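**Q** Once you've had a glance at the structure underneath, I'll fire off some questions.
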Amino acid sequence: MRIYLVLGLMLCAVTALDAALDKLFCFYQTGAAYRIGNGRVEVGDLNPQLCTHLVYQYVEMTTYGAIQMIGLNTTELRDFVGLKARSPTVKIYASMGGPEQSSSLLSTLLSNPSLRRATVKAIVDFAKLYNLDGVDFHWQYPVLKGGEVVDRANYITLLSQLRTELKGTGMELSVSVAPTSDYFRSSYDVLEMNKHVDFVNVMAFDLHAYWDAQTGLNAPVFGAPWERSRAERELHVDAILKAWKTAGMESSKIILGVTAYGHSFKLANKNENSTKSRSIGPGPEGSYTAKSGVLSYLETCELMKSGGWTTIWDDVQQSHYGFKEDLWVSFESMKALHIKMNMADAYAIKGLGMWAMEGDDVRNICGGGNFSLLSFIYNQLRIDPGTTVTPSITTTLATTTTQVSEDGGLPPICPPSGFVRDPKECNGFYRCSPGSKFPSFPTKNTCASGLNFDTRYNVCNHAKYVTC
């Protein structure tokens with residue numbers, strides 16, 4: 001049975017989460033200023049009041065440990081720092097390195113003591129020059145992709161030296177990292193990292209894409225029974241957060257990375273369109289991202305507004321996907337974000353990070369409000385109890401009132417939501433055809449251990465958040 005949903009769903013009247021979850025990192029990629037149409041997002045379009053930290057991406061290094069000034073838009077960076085005038089409490093970072101920075105180049109810089117010192121000095125001097133509040137060091141794959149085995153130790157040495165130099169200026173240090181625990185063995189000494197960073201931005205997305213040769217969710221919350229290999233069992237948010245905490249990273253330093261970008265697939269057979277369906281490559285380039293297999297939230301919602309799309313909520317892994325003909329897309333949604341935030345709160349981590357904020361619906365093109373996803377996250381965080389960013393859309397996912405039989409049992413008619421919680425067991429629920437008559441129910445479903453069925457959102461949620 002398929003569940004048909006609207007992309008821009010907004011959950012209203014959500015209670016703010018515990019005070020521990022009070023940081024929101026917002027990452028902005030400079031290339032967004034050169035896009036076309038609705039996808040063009042300049043620094044002046046950003047809303048710094050939605051974020052506790054604004055991060056400018058990216059500033060690269062040269063082969064001799066200096067800042068790569070060629071191609072760096074210094075005017076844009078100064079305007080970015082100037083956003084502080086509109087929100088004095090926001091902290092402004094620059095992200096050093098990035099996915100386009102060669103792993104072999106960074107490996108060379110860090111392995112040579114004099115080049116490493118030059119790199120540290122260049123980063124700190126750059127941060128001072130632009131009056132930054134902190135720097136984010138983005139080397140996603142030390143040791144791998146052209147690096148050396150010594151990178152794992154040299155990476156820690158760099159962080160230690162950066163921490164020492166930045167501490168004297170009052171600036172903070174964060175790192176952006178690959179998410180899963182297999183990188184602990186190759187790239188990251190988590191216990192040592194924990195000593196030197198203020199925050200670790202865990203990029204818990206890009207977990208499935210066209211390179212798998214089958215459809216998969218970009219950032220699922222939970223695993224699935226059909227994921228049997230060790231590698232597959234790590235590819236969901238629950239496993240990622242657990243791994244970082246178990247490895248020794250303090251909860252107060254962990255930032256869960258979410259993204260306004262999804263992945264698209266070209267189906268091998270348009271009639272086989274569930275998860276794990278065979279794909280034959282990436283979907284076509286988006287109008288704004290101009291990159292095959294990648295679609296921003298705005299591109300996705302504009303596509304779906306054009307009609308003919310089926311959108312589905314995967315109630316096992318708790319994420320959305322959609323399809324039309326042979327195009328299949330996994331995308332972030334407010335419903336999934338709400339569950340991720342509850343999970344983040346349960347793990348007592350510090351906050352969330354949005355990669356990349358320019359991919360959001362910045363101008364309310366799709367009706368979910370300006371910066372739809374980012375505003376939704378902000379409104380649930382306890383950043384400033386006196387401040388609320390009000391969304392401009394109400395919900396189509398409000399709690400449905402269900403007629404219940406007089407004996408307190410199951411309802412005589414299946415409600416419009418298509419879900420009914422078992423009146424005797426909070427973790428049990430039934431899926432049914434809306435409007436159909438009972439008493440004959442389909443097979444009963446049971447939430448995983450520690451979860452109860454949440455009738456507000458019709459998903460399995462952590463028991464502490466569910467009223468039975």
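Just so we're on the same page: first chain in the structure tokens is A, next is B, and so on; residues restart at 1 for each chain, and ligands are numbered from 1 in the order they show up.
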Neighbours of Ser102 (chain A) within 9 Å (only C-alpha atoms; same-chain residues fewer than 6 positions away dropped), as a list of chain:residue names?
**A**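 Returned residues: A:Lys145, A:Gly146, A:Gly147.
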**Q** Write out as a ChimeraX atom specification all residues of region 153-227 of chain A that DSSP puts in alpha helix (DSSP H) for this structure's backbone.
**A** /A:153-167,182-186,190-196
**Q** Keeping only N, CA, C and O atoms, write the selected residues to a file as a JSON list (two decimals), in the first residue's frame.
**A**
```json
[["chain", "number", "residue", "atom", "x", "y", "z"],
["A", 153, "ALA", "N", 47.46, 10.28, 11.93],
["A", 153, "ALA", "CA", 48.16, 10.92, 13.05],
["A", 153, "ALA", "C", 48.44, 12.39, 12.75],
["A", 153, "ALA", "O", 48.31, 13.26, 13.64],
["A", 154, "ASN", "N", 48.82, 12.71, 11.53],
["A", 154, "ASN", "CA", 49.14, 14.09, 11.18],
["A", 154, "ASN", "C", 47.91, 14.99, 11.25],
["A", 154, "ASN", "O", 48.01, 16.19, 11.54],
["A", 155, "TYR", "N", 46.76, 14.43, 10.95],
["A", 155, "TYR", "CA", 45.50, 15.17, 11.06],
["A", 155, "TYR", "C", 45.29, 15.64, 12.49],
["A", 155, "TYR", "O", 44.91, 16.79, 12.75],
["A", 156, "ILE", "N", 45.55, 14.76, 13.44],
["A", 156, "ILE", "CA", 45.42, 15.11, 14.85],
["A", 156, "ILE", "C", 46.43, 16.19, 15.24],
["A", 156, "ILE", "O", 46.11, 17.14, 15.98],
["A", 157, "THR", "N", 47.66, 16.07, 14.73],
["A", 157, "THR", "CA", 48.68, 17.08, 15.02],
["A", 157, "THR", "C", 48.24, 18.45, 14.52],
["A", 157, "THR", "O", 48.39, 19.47, 15.21],
["A", 158, "LEU", "N", 47.68, 18.48, 13.31],
["A", 158, "LEU", "CA", 47.18, 19.75, 12.77],
["A", 158, "LEU", "C", 46.10, 20.33, 13.67],
["A", 158, "LEU", "O", 46.11, 21.53, 13.98],
["A", 159, "LEU", "N", 45.13, 19.51, 14.07],
["A", 159, "LEU", "CA", 44.04, 19.99, 14.91],
["A", 159, "LEU", "C", 44.57, 20.52, 16.24],
["A", 159, "LEU", "O", 44.10, 21.54, 16.74],
["A", 160, "SER", "N", 45.55, 19.84, 16.80],
["A", 160, "SER", "CA", 46.15, 20.28, 18.06],
["A", 160, "SER", "C", 46.79, 21.65, 17.90],
["A", 160, "SER", "O", 46.61, 22.55, 18.73],
["A", 161, "GLN", "N", 47.56, 21.82, 16.82],
["A", 161, "GLN", "CA", 48.24, 23.10, 16.60],
["A", 161, "GLN", "C", 47.24, 24.22, 16.28],
["A", 161, "GLN", "O", 47.39, 25.35, 16.76],
["A", 162, "LEU", "N", 46.22, 23.90, 15.49],
["A", 162, "LEU", "CA", 45.19, 24.89, 15.21],
["A", 162, "LEU", "C", 44.45, 25.30, 16.48],
["A", 162, "LEU", "O", 44.19, 26.49, 16.72],
["A", 163, "ARG", "N", 44.11, 24.31, 17.30],
["A", 163, "ARG", "CA", 43.41, 24.59, 18.55],
["A", 163, "ARG", "C", 44.22, 25.53, 19.43],
["A", 163, "ARG", "O", 43.69, 26.50, 20.00],
["A", 164, "THR", "N", 45.51, 25.29, 19.53],
["A", 164, "THR", "CA", 46.39, 26.12, 20.36],
["A", 164, "THR", "C", 46.41, 27.56, 19.86],
["A", 164, "THR", "O", 46.28, 28.51, 20.65],
["A", 165, "GLU", "N", 46.56, 27.73, 18.56],
["A", 165, "GLU", "CA", 46.64, 29.08, 18.00],
["A", 165, "GLU", "C", 45.30, 29.80, 18.05],
["A", 165, "GLU", "O", 45.24, 31.01, 18.33],
["A", 166, "LEU", "N", 44.22, 29.10, 17.80],
["A", 166, "LEU", "CA", 42.90, 29.73, 17.80],
["A", 166, "LEU", "C", 42.43, 30.08, 19.21],
["A", 166, "LEU", "O", 41.73, 31.08, 19.42],
["A", 167, "LYS", "N", 42.82, 29.25, 20.17],
["A", 167, "LYS", "CA", 42.36, 29.47, 21.54],
["A", 167, "LYS", "C", 42.79, 30.83, 22.06],
["A", 167, "LYS", "O", 42.05, 31.50, 22.78],
["A", 182, "ASP", "N", 33.33, 3.13, 9.74],
["A", 182, "ASP", "CA", 34.44, 2.51, 9.03],
["A", 182, "ASP", "C", 35.60, 3.49, 8.83],
["A", 182, "ASP", "O", 36.75, 3.08, 8.68],
["A", 183, "TYR", "N", 35.30, 4.79, 8.88],
["A", 183, "TYR", "CA", 36.37, 5.80, 8.76],
["A", 183, "TYR", "C", 37.15, 5.97, 10.06],
["A", 183, "TYR", "O", 38.21, 6.59, 10.06],
["A", 184, "PHE", "N", 36.65, 5.44, 11.15],
["A", 184, "PHE", "CA", 37.42, 5.51, 12.41],
["A", 184, "PHE", "C", 38.69, 4.68, 12.28],
["A", 184, "PHE", "O", 39.74, 5.06, 12.81],
["A", 185, "ARG", "N", 38.59, 3.57, 11.59],
["A", 185, "ARG", "CA", 39.75, 2.71, 11.44],
["A", 185, "ARG", "C", 40.78, 3.28, 10.47],
["A", 185, "ARG", "O", 41.98, 3.06, 10.63],
["A", 186, "SER", "N", 40.31, 4.01, 9.48],
["A", 186, "SER", "CA", 41.22, 4.51, 8.46],
["A", 186, "SER", "C", 41.60, 5.97, 8.67],
["A", 186, "SER", "O", 42.79, 6.32, 8.64],
["A", 190, "VAL", "N", 39.04, 9.20, 16.87],
["A", 190, "VAL", "CA", 37.96, 9.98, 17.46],
["A", 190, "VAL", "C", 38.32, 10.48, 18.87],
["A", 190, "VAL", "O", 38.05, 11.65, 19.21],
["A", 191, "LEU", "N", 38.92, 9.64, 19.68],
["A", 191, "LEU", "CA", 39.28, 10.06, 21.03],
["A", 191, "LEU", "C", 40.24, 11.24, 21.01],
["A", 191, "LEU", "O", 40.12, 12.17, 21.82],
["A", 192, "GLU", "N", 41.20, 11.23, 20.10],
["A", 192, "GLU", "CA", 42.14, 12.34, 20.00],
["A", 192, "GLU", "C", 41.48, 13.58, 19.39],
["A", 192, "GLU", "O", 41.74, 14.70, 19.81],
["A", 193, "MET", "N", 40.63, 13.38, 18.42],
["A", 193, "MET", "CA", 39.89, 14.51, 17.85],
["A", 193, "MET", "C", 39.10, 15.24, 18.93],
["A", 193, "MET", "O", 39.04, 16.47, 18.97],
["A", 194, "ASN", "N", 38.50, 14.46, 19.79],
["A", 194, "ASN", "CA", 37.65, 15.01, 20.85],
["A", 194, "ASN", "C", 38.40, 16.01, 21.73],
["A", 194, "ASN", "O", 37.81, 16.94, 22.28],
["A", 195, "LYS", "N", 39.70, 15.85, 21.84],
["A", 195, "LYS", "CA", 40.50, 16.72, 22.71],
["A", 195, "LYS", "C", 40.70, 18.11, 22.11],
["A", 195, "LYS", "O", 40.99, 19.06, 22.85],
["A", 196, "HIS", "N", 40.56, 18.23, 20.80],
["A", 196, "HIS", "CA", 41.03, 19.44, 20.14],
["A", 196, "HIS", "C", 39.96, 20.25, 19.43],
["A", 196, "HIS", "O", 40.24, 21.37, 18.98]]
```
**Q** Extract, using only C-alpha atoms, all DNA, RNA and protein residues at most 6 Å from region 114-121 of chain A, discarding same-chain residues fewer than 4 positions from it, and format them as a PyMOL selection string.
**A** chain A and resi 65+109-110+125+162
**Q** If we count only C-alpha atoms and set the cut-off at 12 Å, which residues sit around Met341 (chain A), ignoring sequence neighbours fewer than 4 positions away in its own chain? Please answer as an NGL selection string.
**A** :A and (14-18 or 20-24 or 221 or 237-238 or 241 or 255-258 or 334-337 or 345-353 or 376-382 or 461-462 or 465)
**Q** Filtering to N, CA and C atoms, could you give me those residues as a short mmCIF file (atom, residue, chain, number, x, y, z; two decimals), in the first residue's frame?
**A**
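Contents of part08.cif, freshly written:
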```cif
data_model
loop_
_atom_site.label_atom_id
_atom_site.label_comp_id
_atom_site.auth_asym_id
_atom_site.auth_seq_id
_atom_site.Cartn_x
_atom_site.Cartn_y
_atom_site.Cartn_z
N VAL A 14 4.77 22.14 17.26
CA VAL A 14 5.77 21.20 17.75
C VAL A 14 6.46 21.79 18.97
N THR A 15 6.54 21.04 20.03
CA THR A 15 7.18 21.52 21.24
C THR A 15 8.67 21.61 21.06
N ALA A 16 9.29 22.69 21.56
CA ALA A 16 10.74 22.84 21.46
C ALA A 16 11.44 21.70 22.17
N LEU A 17 12.59 21.31 21.65
CA LEU A 17 13.33 20.20 22.20
C LEU A 17 14.13 20.63 23.41
N ASP A 18 14.76 19.66 24.06
CA ASP A 18 15.52 19.94 25.26
C ASP A 18 16.63 20.95 24.98
N ALA A 20 19.67 21.05 25.49
CA ALA A 20 20.96 20.57 25.01
C ALA A 20 21.10 20.74 23.51
N LEU A 21 20.02 20.63 22.79
CA LEU A 21 20.03 20.72 21.33
C LEU A 21 19.77 22.19 20.95
N ASP A 22 20.85 22.99 20.96
CA ASP A 22 20.65 24.43 20.81
C ASP A 22 21.60 25.08 19.81
N LYS A 23 22.22 24.29 18.94
CA LYS A 23 23.11 24.85 17.92
C LYS A 23 22.59 24.49 16.53
N LEU A 24 22.67 25.46 15.63
CA LEU A 24 22.27 25.23 14.25
C LEU A 24 23.33 25.83 13.33
N VAL A 221 16.69 7.49 8.52
CA VAL A 221 16.82 7.60 9.98
C VAL A 221 17.20 6.26 10.59
N VAL A 237 21.06 7.25 10.19
CA VAL A 237 21.39 8.26 11.20
C VAL A 237 21.54 7.66 12.59
N ASP A 238 20.67 6.73 12.94
CA ASP A 238 20.74 6.12 14.27
C ASP A 238 22.09 5.46 14.50
N LEU A 241 25.04 8.25 14.76
CA LEU A 241 25.15 8.96 16.04
C LEU A 241 25.66 8.02 17.14
N ILE A 255 27.49 17.64 15.99
CA ILE A 255 26.47 18.33 15.19
C ILE A 255 26.02 17.37 14.09
N LEU A 256 24.73 17.05 14.08
CA LEU A 256 24.20 16.13 13.07
C LEU A 256 23.97 16.88 11.77
N GLY A 257 24.68 16.49 10.73
CA GLY A 257 24.52 17.13 9.43
C GLY A 257 23.33 16.59 8.67
N VAL A 258 22.47 17.50 8.22
CA VAL A 258 21.37 17.16 7.32
C VAL A 258 21.58 18.02 6.06
N MET A 334 10.21 17.68 6.17
CA MET A 334 10.03 18.13 7.54
C MET A 334 9.65 16.98 8.46
N LYS A 335 8.90 16.05 7.93
CA LYS A 335 8.52 14.89 8.74
C LYS A 335 9.75 14.11 9.16
N ALA A 336 10.67 13.86 8.22
CA ALA A 336 11.90 13.15 8.54
C ALA A 336 12.78 13.98 9.47
N LEU A 337 12.84 15.29 9.24
CA LEU A 337 13.65 16.16 10.09
C LEU A 337 13.16 16.13 11.53
N ASP A 345 18.03 14.64 20.00
CA ASP A 345 17.74 15.01 21.38
C ASP A 345 17.93 13.81 22.31
N ALA A 346 17.49 12.65 21.86
CA ALA A 346 17.64 11.44 22.68
C ALA A 346 19.11 11.09 22.88
N TYR A 347 19.95 11.36 21.87
CA TYR A 347 21.39 11.11 22.00
C TYR A 347 22.10 12.26 22.72
N ALA A 348 21.37 13.31 23.06
CA ALA A 348 21.90 14.46 23.80
C ALA A 348 23.03 15.17 23.07
N ILE A 349 22.97 15.19 21.71
CA ILE A 349 24.00 15.90 20.97
C ILE A 349 23.69 17.39 20.97
N LYS A 350 24.62 18.18 20.42
CA LYS A 350 24.53 19.62 20.59
C LYS A 350 23.63 20.32 19.60
N GLY A 351 23.53 19.82 18.38
CA GLY A 351 22.70 20.53 17.41
C GLY A 351 22.71 19.89 16.05
N LEU A 352 22.23 20.64 15.06
CA LEU A 352 22.15 20.19 13.68
C LEU A 352 22.91 21.15 12.79
N GLY A 353 23.31 20.65 11.62
CA GLY A 353 23.94 21.49 10.62
C GLY A 353 23.26 21.28 9.28
N PHE A 376 12.01 25.26 9.82
CA PHE A 376 11.41 24.18 10.59
C PHE A 376 12.35 23.69 11.68
N ILE A 377 13.63 23.51 11.33
CA ILE A 377 14.61 23.09 12.34
C ILE A 377 14.74 24.15 13.42
N TYR A 378 14.90 25.39 13.01
CA TYR A 378 15.09 26.48 13.96
C TYR A 378 13.96 26.54 14.98
N ASN A 379 12.73 26.40 14.52
CA ASN A 379 11.58 26.55 15.39
C ASN A 379 11.46 25.44 16.43
N GLN A 380 12.20 24.34 16.25
CA GLN A 380 12.17 23.28 17.24
C GLN A 380 13.34 23.33 18.21
N LEU A 381 14.36 24.10 17.85
CA LEU A 381 15.51 24.21 18.73
C LEU A 381 15.26 25.25 19.82
N ARG A 382 15.82 25.01 20.98
CA ARG A 382 15.69 25.99 22.06
C ARG A 382 16.90 26.93 21.99
N ASN A 461 8.19 6.36 16.73
CA ASN A 461 9.01 7.41 17.32
C ASN A 461 9.52 6.92 18.68
N HIS A 462 10.59 7.56 19.18
CA HIS A 462 11.11 7.16 20.50
C HIS A 462 10.01 7.28 21.55
N TYR A 465 8.73 10.41 23.47
CA TYR A 465 8.02 11.48 22.79
C TYR A 465 6.57 11.14 22.45
#
```
**Q** What is the CA of Gly409 (chain A)-CA of Cys468 (chain A) distance in Å, reported with one decimal?
**A**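 Straight-line distance from CA of Gly409 (chain A) to CA of Cys468 (chain A) works out to 13.9 Å.
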**Q** Interatomic distance between CA of Gln317 (chain A) and CA of Gly450 (chain A)?
**A** 15.3 Å
**Q** Write out as an MDAnalysis selection string the set of residues from region 61-267 of chain A that DSSP, computed on the backbone, places in strand (DSSP E or B).
**A** chainID A and resid 61 67 91:97 134:138 172:177 199:203 214 254:259 261:267
**Q** Taking only C-alpha atoms into account, which of A:Lys464, A:Lys324, A:Arg35, A:Lys340 comes nearest Gly308 (chain A)?
**A** A:Lys324
**Q** Leaving out Leu235 (chain A) and any residue of its chain fewer than 4 positions from it, which residues lie within 8 Å of it when counting only C-alpha atoms, given as a PyMOL selection string?
**A** chain A and resi 180+207+219-220+223+231+239-240
**Q** I want to know what sits within 8 Å of Tyr141 (chain A), based on only C-alpha atoms, with residues of the same chain fewer than 3 positions away left out; could you give that as a list in words?
**A**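 That gives Ser103, Leu144, Lys145, Val177, Ala178, Tyr183 and Ser187 of chain A.
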**Q** Based on the selection just made, write all heavy atoms of those residues as a PDB file, in the first residue's frame.
**A**
```pdb
ATOM      1  N   SER A 103      43.129  15.297  -1.589  1.00  0.00           N
ATOM      2  CA  SER A 103      43.593  14.619  -0.385  1.00  0.00           C
ATOM      3  C   SER A 103      45.109  14.491  -0.384  1.00  0.00           C
ATOM      4  O   SER A 103      45.755  14.606   0.661  1.00  0.00           O
ATOM      5  CB  SER A 103      42.948  13.234  -0.285  1.00  0.00           C
ATOM      6  OG  SER A 103      43.156  12.649   0.981  1.00  0.00           O
ATOM      7  N   LEU A 144      42.759   8.269   2.785  1.00  0.00           N
ATOM      8  CA  LEU A 144      42.123   7.740   1.584  1.00  0.00           C
ATOM      9  C   LEU A 144      42.198   8.724   0.413  1.00  0.00           C
ATOM     10  O   LEU A 144      42.574   9.880   0.567  1.00  0.00           O
ATOM     11  CB  LEU A 144      40.668   7.394   1.886  1.00  0.00           C
ATOM     12  CG  LEU A 144      40.442   6.497   3.115  1.00  0.00           C
ATOM     13  CD1 LEU A 144      38.962   6.354   3.402  1.00  0.00           C
ATOM     14  CD2 LEU A 144      41.098   5.140   2.912  1.00  0.00           C
ATOM     15  N   LYS A 145      41.846   8.239  -0.756  1.00  0.00           N
ATOM     16  CA  LYS A 145      41.720   9.059  -1.972  1.00  0.00           C
ATOM     17  C   LYS A 145      42.978   9.857  -2.279  1.00  0.00           C
ATOM     18  O   LYS A 145      42.938  11.073  -2.539  1.00  0.00           O
ATOM     19  CB  LYS A 145      40.504   9.983  -1.871  1.00  0.00           C
ATOM     20  CG  LYS A 145      39.188   9.223  -1.738  1.00  0.00           C
ATOM     21  CD  LYS A 145      37.988  10.133  -1.843  1.00  0.00           C
ATOM     22  CE  LYS A 145      36.723   9.307  -1.673  1.00  0.00           C
ATOM     23  NZ  LYS A 145      35.804   9.315  -2.726  1.00  0.00           N
ATOM     24  N   VAL A 177      33.232  15.959   8.786  1.00  0.00           N
ATOM     25  CA  VAL A 177      33.754  14.600   8.665  1.00  0.00           C
ATOM     26  C   VAL A 177      32.771  13.681   7.952  1.00  0.00           C
ATOM     27  O   VAL A 177      31.562  13.906   7.957  1.00  0.00           O
ATOM     28  CB  VAL A 177      34.067  14.008  10.057  1.00  0.00           C
ATOM     29  CG1 VAL A 177      35.167  14.798  10.744  1.00  0.00           C
ATOM     30  CG2 VAL A 177      32.809  13.975  10.931  1.00  0.00           C
ATOM     31  N   ALA A 178      33.332  12.630   7.353  1.00  0.00           N
ATOM     32  CA  ALA A 178      32.512  11.547   6.819  1.00  0.00           C
ATOM     33  C   ALA A 178      31.793  10.867   7.981  1.00  0.00           C
ATOM     34  O   ALA A 178      32.311  10.832   9.104  1.00  0.00           O
ATOM     35  CB  ALA A 178      33.388  10.558   6.062  1.00  0.00           C
ATOM     36  N   TYR A 183      35.301   4.791   8.880  1.00  0.00           N
ATOM     37  CA  TYR A 183      36.366   5.796   8.761  1.00  0.00           C
ATOM     38  C   TYR A 183      37.152   5.965  10.063  1.00  0.00           C
ATOM     39  O   TYR A 183      38.211   6.587  10.057  1.00  0.00           O
ATOM     40  CB  TYR A 183      35.790   7.138   8.316  1.00  0.00           C
ATOM     41  CG  TYR A 183      35.222   7.090   6.919  1.00  0.00           C
ATOM     42  CD1 TYR A 183      33.843   7.096   6.703  1.00  0.00           C
ATOM     43  CD2 TYR A 183      36.059   7.004   5.810  1.00  0.00           C
ATOM     44  CE1 TYR A 183      33.319   7.030   5.418  1.00  0.00           C
ATOM     45  CE2 TYR A 183      35.549   6.937   4.520  1.00  0.00           C
ATOM     46  CZ  TYR A 183      34.178   6.950   4.340  1.00  0.00           C
ATOM     47  OH  TYR A 183      33.668   6.864   3.061  1.00  0.00           O
ATOM     48  N   SER A 187      40.630   6.832   8.914  1.00  0.00           N
ATOM     49  CA  SER A 187      40.865   8.276   8.856  1.00  0.00           C
ATOM     50  C   SER A 187      40.878   9.003  10.191  1.00  0.00           C
ATOM     51  O   SER A 187      41.666   9.932  10.379  1.00  0.00           O
ATOM     52  CB  SER A 187      39.788   8.917   7.969  1.00  0.00           C
ATOM     53  OG  SER A 187      39.802   8.374   6.668  1.00  0.00           O
TER      54      SER A 187
END
```
**Q** Which residue, A:Ser264, A:Thr62, A:Ser95, A:Ser174, has the smallest gap to Leu303 (chain A) when you use only C-alpha atoms?
**A**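 So, comparing all the options, the nearest one is A:Ser264.
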**Q** For the atom pair CA of Asn370 (chain A) and CA of Ser296 (chain A), what is the interatomic distance in Å to one decimal place?
**A**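 Taking CA of Asn370 (chain A) and CA of Ser296 (chain A), their separation equals 14.8 Å.
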**Q** Can you tell me which residues surround Trp139 (chain A) at a distance of at most 7 Å, considering only C-alpha atoms, apart from same-chain residues fewer than 6 positions away, and format the answer as a list of chain:residue names?
**A**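 Counting only the stated atoms, we get A:Gly97, A:Gly98, A:Ser176, A:Val177.
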